[in-house]
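What follows is the content of target-v2.pdb, which has PDB, C-alpha atoms:
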ATOM      1  CA  MET A   1       7.586 -23.082   2.870
ATOM      2  CA  HIS A   2       5.103 -20.649   4.311
ATOM      3  CA  TYR A   3       4.615 -18.378   7.288
ATOM      4  CA  THR A   4       1.315 -18.493   9.166
ATOM      5  CA  MET A   5       0.012 -15.274  10.636
ATOM      6  CA  ASN A   6      -3.194 -13.732  11.897
ATOM      7  CA  ILE A   7      -4.080 -10.519  10.096
ATOM      8  CA  ALA A   8      -7.140  -8.567  11.263
ATOM      9  CA  GLY A   9      -8.633 -11.767  12.680
ATOM     10  CA  CYS A  10      -7.949 -13.865   9.574
ATOM     11  CA  GLU A  11      -5.342 -16.627   9.664
ATOM     12  CA  ARG A  12      -3.388 -16.930   6.434
ATOM     13  CA  ASN A  13      -0.380 -18.917   5.189
ATOM     14  CA  LEU A  14       1.988 -16.628   3.320
ATOM     15  CA  PRO A  15       4.288 -18.411   0.841
ATOM     16  CA  LEU A  16       7.959 -17.611   1.403
ATOM     17  CA  CYS A  17       9.628 -16.282  -1.744
ATOM     18  CA  PRO A  18      13.360 -15.744  -2.259
ATOM     19  CA  LEU A  19      14.351 -12.103  -2.613
ATOM     20  CA  ASN A  20      18.021 -12.991  -3.098
ATOM     21  CA  GLU A  21      20.350 -15.857  -2.093
ATOM     22  CA  GLU A  22      20.184 -15.010   1.609
ATOM     23  CA  LEU A  23      16.774 -13.432   2.154
ATOM     24  CA  MET A  24      13.141 -14.448   1.719
ATOM     25  CA  ILE A  25       9.915 -12.492   2.096
ATOM     26  CA  GLY A  26       6.405 -13.618   2.967
ATOM     27  CA  ALA A  27       4.196 -13.036  -0.071
ATOM     28  CA  PHE A  28       1.053 -11.201   0.969
ATOM     29  CA  VAL A  29      -1.643 -10.941  -1.694
ATOM     30  CA  ILE A  30      -5.205  -9.849  -0.967
ATOM     31  CA  PHE A  31      -6.434 -10.305  -4.544
ATOM     32  CA  GLY A  32      -9.490 -12.552  -4.524
ATOM     33  CA  ASP A  33      -9.615 -12.823  -0.716
ATOM     34  CA  THR A  34     -12.768 -10.876   0.105
ATOM     35  CA  GLU A  35     -12.830 -11.921   3.771
ATOM     36  CA  LEU A  36      -9.290 -10.676   4.374
ATOM     37  CA  THR A  37      -9.783  -7.514   2.301
ATOM     38  CA  THR A  38     -12.877  -6.507   4.264
ATOM     39  CA  ALA A  39     -11.326  -7.354   7.650
ATOM     40  CA  CYS A  40      -8.205  -5.323   6.843
ATOM     41  CA  ALA A  41     -10.257  -2.403   5.494
ATOM     42  CA  GLU A  42     -12.328  -2.316   8.688
ATOM     43  CA  LYS A  43      -9.231  -2.451  10.890
ATOM     44  CA  LEU A  44      -7.421   0.279   8.930
ATOM     45  CA  LEU A  45     -10.482   2.539   9.053
ATOM     46  CA  SER A  46     -10.486   2.164  12.845
ATOM     47  CA  MET A  47      -6.896   3.477  12.823
ATOM     48  CA  ALA A  48      -7.461   6.232  10.254
ATOM     49  CA  PRO A  49      -7.391   9.946  10.961
ATOM     50  CA  GLU A  50     -10.045  12.165   9.385
ATOM     51  CA  TYR A  51      -9.451  12.442   5.655
ATOM     52  CA  ASP A  52     -11.051  13.774   2.504
ATOM     53  CA  TYR A  53      -9.698  11.214   0.023
ATOM     54  CA  LEU A  54      -7.864   7.910   0.055
ATOM     55  CA  ILE A  55      -5.061   7.139  -2.388
ATOM     56  CA  SER A  56      -3.246   3.913  -3.181
ATOM     57  CA  ALA A  57      -0.986   2.558  -5.887
ATOM     58  CA  GLU A  58      -1.980   0.146  -8.602
ATOM     59  CA  ALA A  59      -2.382  -2.818  -8.324
ATOM     60  CA  LYS A  60      -2.512  -4.621  -4.956
ATOM     61  CA  GLY A  61      -3.855  -1.527  -3.203
ATOM     62  CA  ILE A  62      -6.949  -1.391  -5.409
ATOM     63  CA  PRO A  63      -9.220  -3.872  -3.597
ATOM     64  CA  LEU A  64      -8.143  -2.508  -0.215
ATOM     65  CA  VAL A  65      -8.723   1.182  -0.950
ATOM     66  CA  HIS A  66     -11.985   0.359  -2.736
ATOM     67  CA  GLU A  67     -13.298  -1.572   0.260
ATOM     68  CA  MET A  68     -12.184   1.125   2.698
ATOM     69  CA  ALA A  69     -13.982   3.777   0.642
ATOM     70  CA  ARG A  70     -17.096   1.608   0.344
ATOM     71  CA  LEU A  71     -17.234   0.886   4.070
ATOM     72  CA  ASN A  72     -16.699   4.549   4.938
ATOM     73  CA  GLY A  73     -19.312   5.812   2.472
ATOM     74  CA  ASP A  74     -16.746   7.683   0.382
ATOM     75  CA  LYS A  75     -17.900   8.481  -3.124
ATOM     76  CA  LYS A  76     -14.381   8.603  -4.591
ATOM     77  CA  TYR A  77     -10.827   7.475  -3.984
ATOM     78  CA  MET A  78      -7.651   8.150  -5.933
ATOM     79  CA  LEU A  79      -5.402   5.667  -7.646
ATOM     80  CA  ALA A  80      -1.812   6.101  -8.805
ATOM     81  CA  ARG A  81      -1.571   4.151 -12.048
ATOM     82  CA  LYS A  82       1.434   2.260 -13.430
ATOM     83  CA  ALA A  83       0.813   3.673 -16.902
ATOM     84  CA  PRO A  84      -1.036   6.727 -18.207
ATOM     85  CA  LYS A  85      -4.443   5.926 -19.673
ATOM     86  CA  LEU A  86      -6.159   7.561 -22.657
ATOM     87  CA  TYR A  87      -8.951   8.941 -20.462
ATOM     88  CA  MET A  88      -6.534  10.817 -18.204
ATOM     89  CA  THR A  89      -6.685  14.596 -18.628
ATOM     90  CA  GLY A  90      -2.946  14.863 -18.000
ATOM     91  CA  VAL A  91      -0.581  13.341 -15.486
ATOM     92  CA  PHE A  92       1.768  13.930 -12.604
ATOM     93  CA  GLU A  93       4.390  11.237 -12.220
ATOM     94  CA  ALA A  94       6.812   9.823  -9.643
ATOM     95  CA  LYS A  95       9.476   7.111  -9.987
ATOM     96  CA  VAL A  96       9.449   4.033  -7.746
ATOM     97  CA  ARG A  97      11.527   0.903  -7.281
ATOM     98  CA  SER A  98       9.593  -1.628  -5.203
ATOM     99  CA  ILE A  99      11.167  -4.591  -3.381
ATOM    100  CA  THR A 100       8.923  -6.959  -5.364
ATOM    101  CA  THR A 101       9.560  -5.382  -8.775
ATOM    102  CA  ALA A 102      12.728  -6.028 -10.761
ATOM    103  CA  LYS A 103      12.953  -2.631 -12.433
ATOM    104  CA  GLU A 104      12.142   0.994 -11.802
ATOM    105  CA  GLN A 105       8.530   1.922 -12.410
ATOM    106  CA  THR A 106       6.646   5.173 -12.691
ATOM    107  CA  LEU A 107       3.374   5.972 -10.954
ATOM    108  CA  TYR A 108       0.967   8.392 -12.602
ATOM    109  CA  LEU A 109      -1.808  10.540 -11.148
ATOM    110  CA  ASP A 110      -4.540  12.004 -13.334
ATOM    111  CA  THR A 111      -4.550  15.818 -13.175
ATOM    112  CA  ALA A 112      -8.354  15.702 -12.696
ATOM    113  CA  ASP A 113      -7.776  13.747  -9.468
ATOM    114  CA  ALA A 114      -4.930  16.084  -8.562
ATOM    115  CA  ASP A 115      -7.282  19.063  -8.877
ATOM    116  CA  LEU A 116      -9.673  17.422  -6.395
ATOM    117  CA  MET A 117      -6.815  16.737  -3.966
ATOM    118  CA  LYS A 118      -5.554  20.315  -3.783
ATOM    119  CA  GLY A 119      -5.831  21.548  -0.191
ATOM    120  CA  LYS A 120      -7.560  18.333   0.923
ATOM    121  CA  ARG A 121      -6.523  15.784   3.567
ATOM    122  CA  ILE A 122      -5.182  12.729   1.777
ATOM    123  CA  LEU A 123      -4.753   9.352   3.473
ATOM    124  CA  ILE A 124      -2.175   7.103   1.796
ATOM    125  CA  VAL A 125      -2.997   3.379   1.945
ATOM    126  CA  ASP A 126      -0.848   0.411   0.906
ATOM    127  CA  ASP A 127      -0.931  -3.329   1.422
ATOM    128  CA  VAL A 128       2.697  -3.830   2.540
ATOM    129  CA  ILE A 129       5.356  -1.241   3.296
ATOM    130  CA  SER A 130       8.886  -2.559   3.108
ATOM    131  CA  THR A 131      11.510  -0.241   1.663
ATOM    132  CA  GLY A 132       9.064   2.659   1.585
ATOM    133  CA  GLU A 133       9.740   3.397  -2.094
ATOM    134  CA  SER A 134       6.106   3.042  -3.205
ATOM    135  CA  LEU A 135       5.009   5.112  -0.231
ATOM    136  CA  TYR A 136       7.528   7.821  -1.131
ATOM    137  CA  ALA A 137       6.252   7.927  -4.729
ATOM    138  CA  LEU A 138       2.677   8.346  -3.461
ATOM    139  CA  GLU A 139       3.825  11.129  -1.131
ATOM    140  CA  GLN A 140       5.468  12.906  -4.076
ATOM    141  CA  LEU A 141       2.276  12.681  -6.137
ATOM    142  CA  VAL A 142       0.115  14.014  -3.299
ATOM    143  CA  GLU A 143       2.532  16.893  -2.688
ATOM    144  CA  LYS A 144       2.722  17.757  -6.421
ATOM    145  CA  ALA A 145      -1.080  17.847  -6.456
ATOM    146  CA  GLY A 146      -1.166  20.204  -3.465
ATOM    147  CA  GLY A 147      -2.796  17.668  -1.173
ATOM    148  CA  ILE A 148      -2.117  17.473   2.554
ATOM    149  CA  ILE A 149      -0.916  14.052   3.713
ATOM    150  CA  CYS A 150      -2.879  13.354   6.886
ATOM    151  CA  GLY A 151      -1.681   9.789   7.444
ATOM    152  CA  LYS A 152      -0.120   6.642   6.017
ATOM    153  CA  LEU A 153      -1.631   3.210   6.644
ATOM    154  CA  ALA A 154      -0.673  -0.306   5.626
ATOM    155  CA  ILE A 155      -1.848  -3.801   6.360
ATOM    156  CA  LEU A 156       1.693  -5.042   6.969
ATOM    157  CA  ALA A 157       5.110  -3.502   7.552
ATOM    158  CA  GLU A 158       8.337  -5.426   7.113
ATOM    159  CA  GLY A 159      12.031  -4.729   7.558
ATOM    160  CA  ASP A 160      12.971  -1.160   8.399
ATOM    161  CA  ALA A 161       9.394   0.010   7.819
ATOM    162  CA  THR A 162       8.458  -1.494  11.205
ATOM    163  CA  LYS A 163      10.678   1.113  12.869
ATOM    164  CA  ARG A 164       9.088   4.119  11.184
ATOM    165  CA  ASP A 165       6.910   6.353  13.338
ATOM    166  CA  ASP A 166       5.148   8.047  10.407
ATOM    167  CA  ILE A 167       3.108   4.977   9.399
ATOM    168  CA  LYS A 168       0.494   2.859  11.121
ATOM    169  CA  TYR A 169       0.045  -0.782  10.240
ATOM    170  CA  ILE A 170      -1.968  -3.784  11.399
ATOM    171  CA  GLU A 171       0.797  -6.373  11.745
ATOM    172  CA  LYS A 172       4.542  -6.729  11.480
ATOM    173  CA  LEU A 173       5.714  -9.177   8.797
ATOM    174  CA  PRO A 174       9.198 -10.525   9.483
ATOM    175  CA  LEU A 175      11.859 -11.073   6.863
ATOM    176  CA  PHE A 176      13.208 -14.620   6.576
ATOM    177  CA  ASP A 177      16.610 -16.195   6.064
ATOM    178  CA  LYS A 178      17.229 -18.611   3.184
ATOM    179  CA  ASN A 179      16.003 -21.516   5.348
ATOM    180  CA  GLY A 180      12.697 -19.827   6.172
ATOM    181  CA  ASN A 181      13.589 -18.724   9.704
ATOM    182  CA  ALA A 182      12.121 -15.399  10.798
ATOM    183  CA  LEU A 183      14.722 -12.676  11.301
ATOM    184  CA  GLU A 184      14.450 -10.095  14.047
TER
END
Give the structure from the file, written as structure tokens.
Amino acid sequence: MHYTMNIAGCERNLPLCPLNEELMIGAFVIFGDTELTTACAEKLLSMAPEYDYLISAEAKGIPLVHEMARLNGDKKYMLARKAPKLYMTGVFEAKVRSITTAKEQTLYLDTADADLMKGKRILIVDDVISTGESLYALEQLVEKAGGIICGKLAILAEGDATKRDDIKYIEKLPLFDKNGNALE
């Protein structure tokens, strides 16, 4: 089963994946889809407030935030990593439990990036916002770094995220019952 939708002018079939015995989600993955990534980056930039730096979480946000930065002429963007790396000068961390991940994870921000963010306008970008847990972890990292959150953007919002007034998104992605029927 799949759900067909138009996202930033690109029609895509999203496979429906069971979340539990009663609920399914549409799997949205931009990895490898350069046409969709660029179209979404352009659309999100048209919705973006003025910012100094973009930040996203590893991993599905990487191609999106990279393309947004490239299109906007930004020389740098920030990335919250799922594990600390040897080259990091130190880390800030925040816990997250995503709807698509079975266990709690931790996101890490390099202190060198945090130093650059201090007092700057930071735009948080994600591919899909559902429960808001990943978004909350990014907010915590930006606040710990002393950055000023100037906006929150996503390609898609699903579930309760569609009712939030603190995020902007391109399209609403419905949740689905166990038979693949869209819920509203």
Q: Would you write out, as a PyMOL selection string, every residue that the PyMOL selection byres ((chain A and resi 54-63) around 8) captures in this file?
A: chain A and resi 29-31+37+51-53+64-67+69+77-82+107+122-127+134+138
Q. Which protein, DNA or RNA residues have an atom at most 6 Å from (0.6, -18.1, 8.8), counting all atoms listed in the file? List them as a list in words.
A. Tyr3, Thr4, Met5, Arg12, Asn13 and Leu14 of chain A
Taking the file as shown, find all residues satisfying the PyMOL selection byres ((chain A and resi 184) around 7) and write them as a short mmCIF file (atom, residue, chain, number, x, y, z; two decimals) with C-alpha atoms, in the coordinates of the input.
data_model
loop_
_atom_site.label_atom_id
_atom_site.label_comp_id
_atom_site.auth_asym_id
_atom_site.auth_seq_id
_atom_site.Cartn_x
_atom_site.Cartn_y
_atom_site.Cartn_z
CA PRO A 174 9.20 -10.52 9.48
CA ALA A 182 12.12 -15.40 10.80
CA LEU A 183 14.72 -12.68 11.30
#
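Of note, CA of Cys17 in chain A and CA of His2 in chain A are spaced 8.7 Å apart.
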Q. For Met24 in chain A, which of A:Glu158, A:Tyr169, A:Gly151, A:Val128 is the closest residue, counting only C-alpha atoms?
A. A:Glu158
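Contact shell of range 144-148 of chain A at 6 Å (all atoms listed in the file; same-chain neighbours under 3 positions omitted): Ala114, Met117, Lys118, Gly119, Lys120, Arg121, Ile122 and Leu141 of chain A.
The residues caught by the PyMOL selection byres ((chain A and resi 178) around 12) in this file are A:Met1, A:Leu16, A:Cys17, A:Pro18, A:Leu19, A:Asn20, A:Glu21, A:Glu22, A:Leu23, A:Met24, A:Ile25, A:Gly26, A:Leu175, A:Phe176, A:Asp177, A:Asn179, A:Gly180, A:Asn181, A:Ala182, A:Leu183.
With distances taken over all atoms listed in the file, A:Leu153 is the one residue among A:Ala161, A:Leu153, A:Leu135, A:Leu173 lying closest to Met47 in chain A.
Computed from the coordinates, the CA of Glu42 in chain A to CA of Lys152 in chain A distance equals 15.4 Å.
Atom to atom, CA of Pro84 in chain A and CA of Met68 in chain A stand 24.3 Å apart.
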Grab range 73-98 of chain A from that structure and dump N, CA, C and O atoms to a file, as a short mmCIF file (atom, residue, chain, number, x, y, z; two decimals), in the first residue's frame.
data_model
loop_
_atom_site.label_atom_id
_atom_site.label_comp_id
_atom_site.auth_asym_id
_atom_site.auth_seq_id
_atom_site.Cartn_x
_atom_site.Cartn_y
_atom_site.Cartn_z
N GLY A 73 23.13 30.41 -0.57
CA GLY A 73 24.48 30.97 -0.53
C GLY A 73 25.10 30.96 0.85
O GLY A 73 26.09 31.67 1.09
N ASP A 74 24.57 30.16 1.75
CA ASP A 74 25.13 30.06 3.10
C ASP A 74 26.45 29.29 3.03
O ASP A 74 26.55 28.28 2.33
N LYS A 75 27.41 29.72 3.80
CA LYS A 75 28.70 29.04 3.81
C LYS A 75 28.75 27.92 4.83
O LYS A 75 29.63 27.06 4.78
N LYS A 76 27.79 27.88 5.77
CA LYS A 76 27.81 26.87 6.82
C LYS A 76 26.39 26.62 7.32
O LYS A 76 25.55 27.51 7.32
N TYR A 77 26.17 25.38 7.72
CA TYR A 77 24.95 25.01 8.45
C TYR A 77 25.38 24.09 9.58
O TYR A 77 26.50 23.57 9.60
N MET A 78 24.48 23.91 10.54
CA MET A 78 24.79 23.09 11.71
C MET A 78 24.06 21.76 11.61
O MET A 78 22.99 21.68 11.01
N LEU A 79 24.64 20.77 12.23
CA LEU A 79 24.05 19.44 12.22
C LEU A 79 24.14 18.83 13.61
O LEU A 79 25.22 18.78 14.20
N ALA A 80 23.00 18.38 14.13
CA ALA A 80 22.98 17.64 15.39
C ALA A 80 23.23 16.18 15.06
O ALA A 80 22.48 15.58 14.29
N ARG A 81 24.30 15.63 15.59
CA ARG A 81 24.72 14.28 15.27
C ARG A 81 24.11 13.26 16.22
O ARG A 81 23.76 13.58 17.35
N LYS A 82 24.01 12.01 15.77
CA LYS A 82 23.47 10.93 16.60
C LYS A 82 24.53 10.31 17.49
O LYS A 82 24.21 9.52 18.38
N ALA A 83 25.79 10.65 17.24
CA ALA A 83 26.88 10.16 18.07
C ALA A 83 28.00 11.20 18.03
O ALA A 83 28.20 11.85 17.00
N PRO A 84 28.71 11.38 19.13
CA PRO A 84 29.85 12.30 19.09
C PRO A 84 30.95 11.75 18.19
O PRO A 84 31.13 10.53 18.10
N LYS A 85 31.63 12.63 17.50
CA LYS A 85 32.70 12.24 16.59
C LYS A 85 34.05 12.70 17.15
O LYS A 85 34.12 13.68 17.90
N LEU A 86 35.12 12.03 16.77
CA LEU A 86 36.45 12.35 17.29
C LEU A 86 36.85 13.79 17.02
O LEU A 86 37.58 14.39 17.80
N TYR A 87 36.42 14.36 15.90
CA TYR A 87 36.81 15.71 15.54
C TYR A 87 36.04 16.79 16.31
O TYR A 87 36.38 17.96 16.23
N MET A 88 35.02 16.40 17.05
CA MET A 88 34.25 17.40 17.80
C MET A 88 35.09 17.94 18.96
O MET A 88 35.80 17.19 19.62
N THR A 89 34.99 19.24 19.19
CA THR A 89 35.78 19.89 20.23
C THR A 89 35.18 19.69 21.62
O THR A 89 35.78 20.06 22.61
N GLY A 90 34.01 19.16 21.67
CA GLY A 90 33.22 18.95 22.88
C GLY A 90 31.78 18.90 22.43
O GLY A 90 31.49 19.16 21.26
N VAL A 91 30.88 18.53 23.30
CA VAL A 91 29.49 18.40 22.85
C VAL A 91 28.48 18.91 23.87
O VAL A 91 28.72 18.90 25.07
N PHE A 92 27.36 19.38 23.32
CA PHE A 92 26.12 19.56 24.06
C PHE A 92 25.25 18.39 23.63
O PHE A 92 25.38 17.92 22.50
N GLU A 93 24.35 17.94 24.48
CA GLU A 93 23.51 16.83 24.09
C GLU A 93 22.06 17.03 24.53
O GLU A 93 21.79 17.78 25.47
N ALA A 94 21.16 16.35 23.82
CA ALA A 94 19.73 16.36 24.15
C ALA A 94 19.15 15.00 23.79
O ALA A 94 19.51 14.41 22.77
N LYS A 95 18.27 14.48 24.64
CA LYS A 95 17.64 13.17 24.41
C LYS A 95 16.44 13.34 23.49
O LYS A 95 15.75 14.36 23.51
N VAL A 96 16.17 12.28 22.69
CA VAL A 96 15.04 12.31 21.77
C VAL A 96 14.51 10.89 21.58
O VAL A 96 15.26 9.93 21.57
N ARG A 97 13.20 10.80 21.45
CA ARG A 97 12.55 9.53 21.11
C ARG A 97 11.63 9.82 19.93
O ARG A 97 10.56 10.37 20.08
N SER A 98 12.07 9.45 18.74
CA SER A 98 11.34 9.71 17.51
C SER A 98 10.28 8.64 17.27
O SER A 98 10.44 7.50 17.69
#
